[in-house]
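Structure, as structure tokens:
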Amino acid sequence: MTVELAAALPAVVIVLGLVLAAVGWARMGVVATEAASVGARIAVVEGADAARAEIARAVPQAVVGVDATGESVRVTVQIDGPGWLPAASATSVARVSP
């Protein structure tokens, strides 16, 4: 029994590490989505600089892009993943009311 546990324990630790990394990456995706949504709303009302400042305050490691064209504002937020995980990114578009 002890030998089987000793042999299986490294595999269990690796799987647990992968699951925790995946949950952390999914959390970053949710944070990026929320930041992009809030940033788009702020950009429509207060402007692109205010949106960048608010996102930078809330998510310091985020890379923010704001594209204001005529009738809409597009905000893209990208958060680099830790280590081998890819970056989590999200885009939100808000229409400018006339």
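Letters A, B, ... mark the chains of the structure tokens in the order given; residue numbers begin at 1 per chain; ligand numbers begin at 1, in order shown.
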task: Could you tell me, as a VMD selection string, which residues of chain A DSSP assigns to helix (DSSP H, G or I) when given the backbone?
output: chain A and resid 2 to 46 48 to 58
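Secondary structure of chain A, strand (DSSP E or B) only (DSSP, backbone atoms): Ala62, Val63, Val64, Gly65, Val66, Asp67, Ala68, Thr69, Ser72, Val73, Arg74, Val75, Thr76, Val77, Gln78, Ile79, Ala88, Ser89, Ala90, Thr91, Ser92, Val93, Ala94 and Arg95 of chain A.
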For the residues in that selection, give me C-alpha atoms as a PDB file, in the first residue's frame.
```
ATOM      1  CA  ALA A  62      -2.852  44.600 -17.831  1.00  0.00           C
ATOM      2  CA  VAL A  63      -2.015  45.874 -21.293  1.00  0.00           C
ATOM      3  CA  VAL A  64      -4.860  48.129 -22.433  1.00  0.00           C
ATOM      4  CA  GLY A  65      -5.839  49.247 -25.910  1.00  0.00           C
ATOM      5  CA  VAL A  66      -8.577  51.802 -26.551  1.00  0.00           C
ATOM      6  CA  ASP A  67      -9.857  52.460 -30.066  1.00  0.00           C
ATOM      7  CA  ALA A  68     -12.452  55.216 -30.321  1.00  0.00           C
ATOM      8  CA  THR A  69     -14.018  55.433 -33.759  1.00  0.00           C
ATOM      9  CA  SER A  72     -18.217  53.107 -30.853  1.00  0.00           C
ATOM     10  CA  VAL A  73     -15.354  52.563 -28.451  1.00  0.00           C
ATOM     11  CA  ARG A  74     -13.454  49.268 -28.408  1.00  0.00           C
ATOM     12  CA  VAL A  75     -11.384  48.400 -25.324  1.00  0.00           C
ATOM     13  CA  THR A  76      -9.012  45.439 -25.349  1.00  0.00           C
ATOM     14  CA  VAL A  77      -7.395  44.158 -22.154  1.00  0.00           C
ATOM     15  CA  GLN A  78      -4.623  41.569 -22.131  1.00  0.00           C
ATOM     16  CA  ILE A  79      -3.146  40.012 -18.990  1.00  0.00           C
ATOM     17  CA  ALA A  88      -5.843  36.069 -21.162  1.00  0.00           C
ATOM     18  CA  SER A  89      -7.481  38.764 -23.238  1.00  0.00           C
ATOM     19  CA  ALA A  90     -10.912  40.276 -23.708  1.00  0.00           C
ATOM     20  CA  THR A  91     -12.477  42.956 -25.883  1.00  0.00           C
ATOM     21  CA  SER A  92     -15.553  45.019 -25.187  1.00  0.00           C
ATOM     22  CA  VAL A  93     -17.357  47.471 -27.453  1.00  0.00           C
ATOM     23  CA  ALA A  94     -19.622  50.291 -26.297  1.00  0.00           C
ATOM     24  CA  ARG A  95     -21.677  52.525 -28.540  1.00  0.00           C
TER      25      ARG A  95
END
```
field: Who sits within 12 Å of Pro98 of chain A, only C-alpha atoms, same chain under 5 positions skipped, as a list in words
entry: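 Contacts, in chain order: Val44, Val45, Gly70, Glu71 and Ser72 of chain A.
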Using only C-alpha atoms: which of A:Ala11, A:Leu20, A:Val30, A:Ala43 has the shortest distance to Pro82 of chain A: A:Leu20
Proximity to Ala32 of chain A - best of A:Ala58, A:Ser97, A:Val19, A:Pro10, only C-alpha atoms: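 Smallest distance to Ala32 of chain A is found for A:Ala58.
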task: Figure out the distance between atom CA of Gly29 of chain A and atom CA of Gly17 of chain A, please, to one decimal in Å.
output: 18.5 Å
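Nearest to Ala51 of chain A of all the residues A:Val23, A:Met28, A:Val13, A:Ala35 is A:Ala35, counting only C-alpha atoms.
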